[in-house]
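Just below is one structure, and these are the notes that go with it.
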Amino acid sequence: MSDESYIETIERYWGRDGLGQAILDALAAAGAAMDKLTVDDLAPLDHFHGGGKRATTRLARLAAMAPGMRVLDAGGGLGGPARTLAVEHGCHVTVLDLAESYVQAGAALTARLGLAGRVSHRWGNALDLPFADAAFDVVWTQNSGMNIAAKETMYAAFHRVLRPGGLLVLQEPMAGPVQPPTFPVMWARDATTHFLRTPYAMRALIEAAGFRVRAWEDATLETSGGSAAPAGRSIQSLVMGDMLPVIVENGRRNRDEGRIVMVQAVCERA
């Protein structure tokens, strides 16, 4: 698949016009104080990954995130993890995403919370990162590589933009011992845009890209599900709409039958 067709495929699947306003409308309907929103208010609507904000908190603790860290959130979507890292850990975060509607919505939400000085949003491709060598202390990525076949290229790019000794902090669905998974899943209607590898293969790939593994944990149970928000008031429901019930059921089945597992890991750039 060419770069152009890959970008078009991702935008066609993930892109949603008016997503930022839909999030604000859902917050208002839930009774949020719209003039003083917090990262916790936004959490059901801006953490679009397994486990929601609690998984982000777990991963940040595993990585010992600290004030002043320069972080690239690759595939960071709406910026929920980035804003959490800024507010709760004092990090400076650049969010990169390939879906323009997420970049726009994320920037608007960041501005709404008064965090534009600590979190920025850019459109871009994780396979061709538009940043200088050694520009970051941390590359953070949660549930962002499932549609990417060229994982070697992606991890080489992560290695390049990290300073020596910098950290790759990831949460990623991986292929379990039972295959194939049941479709649709959250990120793919079928196998044509589904590119998971086993934890063994992923660890070998990451080490070959120049990283030393500090922590590698099966977090499948801890990261199951998203938020507990009412129907229509989670990011999953806003994006997936009527398909969400079957996707959720397939997610449960894939987890319980060992078809998809979730790994959280912290790796040091050699």
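In the structure tokens, each chain is lettered A, B, ... as it comes, each chain's residues begin at 1, and ligands are numbered from 1 in order of appearance.
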Checklist entry - What lies within 8 Å of region 205-220 of chain A using only C-alpha atoms, ignoring chain neighbours under 5 positions off, as a PyMOL selection string? => result chain A and resi 62+152+155-156+159+255+261-270
Next on the checklist: At a cut-off of 8 Å, using only C-alpha atoms, what residues contact region 169-179 of chain A? Leave out same-chain residues fewer than 3 positions from it and give the result as a list in words.
Outcome noted: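 My list of contacting residues is Leu59, Ala63, Val138, Val139, Trp140, Thr141, Gln142, Asn143, Ser144, Gly145, Met146, Leu196, Arg197, Thr198, Pro199, Glu257, Gly258, Arg259, Ile260, Val261, Met262, Val263, Gln264, Ala265, Val266 and Cys267 of chain A.
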Item to check | Which of region 53-258 of chain A fall in alpha helix (DSSP H), as a PyMOL selection string | outcome: chain A and resi 53-63+80-89+100-112+151-161+199-208+235-240+244-256
Taking C-alpha atoms for each residue, export the selection above as a PDB file, in the first residue's frame.
ATOM      1  CA  LYS A  53      -7.695   6.929  31.552  1.00  0.00           C
ATOM      2  CA  ARG A  54      -6.983   4.239  34.136  1.00  0.00           C
ATOM      3  CA  ALA A  55      -4.757   2.493  31.571  1.00  0.00           C
ATOM      4  CA  THR A  56      -2.949   5.762  30.883  1.00  0.00           C
ATOM      5  CA  THR A  57      -2.395   6.202  34.622  1.00  0.00           C
ATOM      6  CA  ARG A  58      -1.051   2.652  34.885  1.00  0.00           C
ATOM      7  CA  LEU A  59       1.336   3.159  31.984  1.00  0.00           C
ATOM      8  CA  ALA A  60       2.583   6.505  33.318  1.00  0.00           C
ATOM      9  CA  ARG A  61       3.323   4.869  36.659  1.00  0.00           C
ATOM     10  CA  LEU A  62       5.146   1.993  34.943  1.00  0.00           C
ATOM     11  CA  ALA A  63       7.307   4.498  33.051  1.00  0.00           C
ATOM     12  CA  GLY A  80      -6.430  12.631  26.382  1.00  0.00           C
ATOM     13  CA  PRO A  81      -3.191  10.915  27.459  1.00  0.00           C
ATOM     14  CA  ALA A  82      -1.165  14.007  26.493  1.00  0.00           C
ATOM     15  CA  ARG A  83      -3.270  16.316  28.646  1.00  0.00           C
ATOM     16  CA  THR A  84      -3.087  13.798  31.497  1.00  0.00           C
ATOM     17  CA  LEU A  85       0.711  13.689  31.242  1.00  0.00           C
ATOM     18  CA  ALA A  86       0.849  17.500  31.213  1.00  0.00           C
ATOM     19  CA  VAL A  87      -1.488  18.058  34.168  1.00  0.00           C
ATOM     20  CA  GLU A  88      -0.620  15.094  36.391  1.00  0.00           C
ATOM     21  CA  HIS A  89       3.086  14.631  35.577  1.00  0.00           C
ATOM     22  CA  GLU A 100      -7.080  15.615  10.655  1.00  0.00           C
ATOM     23  CA  SER A 101     -10.414  15.719  12.506  1.00  0.00           C
ATOM     24  CA  TYR A 102      -8.731  14.359  15.646  1.00  0.00           C
ATOM     25  CA  VAL A 103      -5.915  16.906  15.409  1.00  0.00           C
ATOM     26  CA  GLN A 104      -8.421  19.747  15.122  1.00  0.00           C
ATOM     27  CA  ALA A 105     -10.659  18.460  17.908  1.00  0.00           C
ATOM     28  CA  GLY A 106      -7.693  17.730  20.165  1.00  0.00           C
ATOM     29  CA  ALA A 107      -6.247  21.211  19.727  1.00  0.00           C
ATOM     30  CA  ALA A 108      -9.622  22.779  20.545  1.00  0.00           C
ATOM     31  CA  LEU A 109      -9.983  20.684  23.710  1.00  0.00           C
ATOM     32  CA  THR A 110      -6.428  21.501  24.789  1.00  0.00           C
ATOM     33  CA  ALA A 111      -7.119  25.207  24.337  1.00  0.00           C
ATOM     34  CA  ARG A 112     -10.404  24.870  26.243  1.00  0.00           C
ATOM     35  CA  LYS A 151       6.231  -1.733  12.141  1.00  0.00           C
ATOM     36  CA  GLU A 152       9.990  -1.916  11.591  1.00  0.00           C
ATOM     37  CA  THR A 153       9.834   1.493   9.913  1.00  0.00           C
ATOM     38  CA  MET A 154       7.749   2.933  12.749  1.00  0.00           C
ATOM     39  CA  TYR A 155      10.055   1.769  15.538  1.00  0.00           C
ATOM     40  CA  ALA A 156      13.116   2.946  13.626  1.00  0.00           C
ATOM     41  CA  ALA A 157      11.465   6.378  13.444  1.00  0.00           C
ATOM     42  CA  PHE A 158      10.773   6.295  17.193  1.00  0.00           C
ATOM     43  CA  HIS A 159      14.422   5.415  17.833  1.00  0.00           C
ATOM     44  CA  ARG A 160      15.626   8.309  15.682  1.00  0.00           C
ATOM     45  CA  VAL A 161      13.641  11.042  17.456  1.00  0.00           C
ATOM     46  CA  PRO A 199       4.265 -10.294  21.907  1.00  0.00           C
ATOM     47  CA  TYR A 200       7.344 -12.417  21.181  1.00  0.00           C
ATOM     48  CA  ALA A 201       7.644 -11.015  17.650  1.00  0.00           C
ATOM     49  CA  MET A 202       7.006  -7.449  18.823  1.00  0.00           C
ATOM     50  CA  ARG A 203       9.614  -7.617  21.558  1.00  0.00           C
ATOM     51  CA  ALA A 204      12.181  -8.991  19.112  1.00  0.00           C
ATOM     52  CA  LEU A 205      11.315  -6.248  16.608  1.00  0.00           C
ATOM     53  CA  ILE A 206      11.655  -3.492  19.238  1.00  0.00           C
ATOM     54  CA  GLU A 207      14.969  -4.841  20.498  1.00  0.00           C
ATOM     55  CA  ALA A 208      16.266  -5.094  16.923  1.00  0.00           C
ATOM     56  CA  ILE A 235     -15.649   8.422  22.507  1.00  0.00           C
ATOM     57  CA  GLN A 236     -16.233   4.839  21.380  1.00  0.00           C
ATOM     58  CA  SER A 237     -19.949   5.474  20.906  1.00  0.00           C
ATOM     59  CA  LEU A 238     -19.388   8.818  19.169  1.00  0.00           C
ATOM     60  CA  VAL A 239     -16.975   7.311  16.638  1.00  0.00           C
ATOM     61  CA  MET A 240     -18.370   3.795  16.147  1.00  0.00           C
ATOM     62  CA  LEU A 244     -20.245  -0.412  18.887  1.00  0.00           C
ATOM     63  CA  PRO A 245     -22.260  -3.249  20.517  1.00  0.00           C
ATOM     64  CA  VAL A 246     -20.888  -5.907  18.149  1.00  0.00           C
ATOM     65  CA  ILE A 247     -17.363  -4.444  18.444  1.00  0.00           C
ATOM     66  CA  VAL A 248     -17.559  -4.568  22.242  1.00  0.00           C
ATOM     67  CA  GLU A 249     -18.832  -8.149  22.185  1.00  0.00           C
ATOM     68  CA  ASN A 250     -16.070  -9.181  19.778  1.00  0.00           C
ATOM     69  CA  GLY A 251     -13.532  -7.451  22.001  1.00  0.00           C
ATOM     70  CA  ARG A 252     -14.700  -9.492  24.976  1.00  0.00           C
ATOM     71  CA  ARG A 253     -14.614 -12.693  22.947  1.00  0.00           C
ATOM     72  CA  ASN A 254     -11.160 -11.996  21.493  1.00  0.00           C
ATOM     73  CA  ARG A 255      -9.829 -11.333  25.000  1.00  0.00           C
ATOM     74  CA  ASP A 256     -11.465 -14.337  26.647  1.00  0.00           C
TER      75      ASP A 256
END
Item to check | All strand (DSSP E) positions in region 17-230 of chain A, as a PyMOL selection string | outcome: chain A and resi 70-74+92-97+119-123+136-142+162-175+211-218
Item to check | Within 8 Å of Leu72 (chain A) using only C-alpha atoms, minus same-chain residues under 2 positions, as a ChimeraX atom specification | outcome: /A:70,74,93-96,136,138-140
Using only C-alpha atoms, what does the table of region 26-78 of chain A residues within 12 Å of region 113-135 of chain A look like, with each row giving the shortest atom pair and its distance in Å to one decimal, sorted by chain and ascending number, as a tab-separated table?
residue	atom	partner	partner_atom	distance
A:Ala33	CA	A:Leu113	CA	11.9
A:Met34	CA	A:Leu113	CA	10.0
A:Asp35	CA	A:Leu113	CA	9.1
A:Lys36	CA	A:Leu113	CA	7.6
A:Leu37	CA	A:Leu113	CA	6.3
A:Thr38	CA	A:Leu113	CA	6.7
A:Val39	CA	A:Leu113	CA	8.0
A:Asp40	CA	A:Leu113	CA	11.2
A:Asp41	CA	A:Leu113	CA	10.6
A:Leu42	CA	A:Leu113	CA	9.8
A:Pro67	CA	A:Arg118	CA	11.3
A:Gly68	CA	A:Arg118	CA	9.9
A:Met69	CA	A:Arg118	CA	10.8
A:Arg70	CA	A:Ala135	CA	7.9
A:Val71	CA	A:Ala135	CA	9.0
A:Leu72	CA	A:Ala135	CA	8.9
A:Asp73	CA	A:His121	CA	9.4
A:Ala74	CA	A:Ala126	CA	6.4
A:Gly75	CA	A:Ala126	CA	7.1
A:Gly76	CA	A:His121	CA	8.8
A:Gly77	CA	A:His121	CA	9.0
A:Leu78	CA	A:His121	CA	8.9
Checklist entry - Could you work out how far CA of Asp137 (chain A) lies from CA of Leu168 (chain A), giving the answer in Å with one decimal? => result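 Separation between CA of Leu168 (chain A) and CA of Asp137 (chain A): 8.8 Å.
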Checklist entry - Which of these residues is nearest to Gly241 (chain A), using only C-alpha atoms: A:Glu11, A:Asn147, A:Arg16, A:Glu222? => result A:Arg16
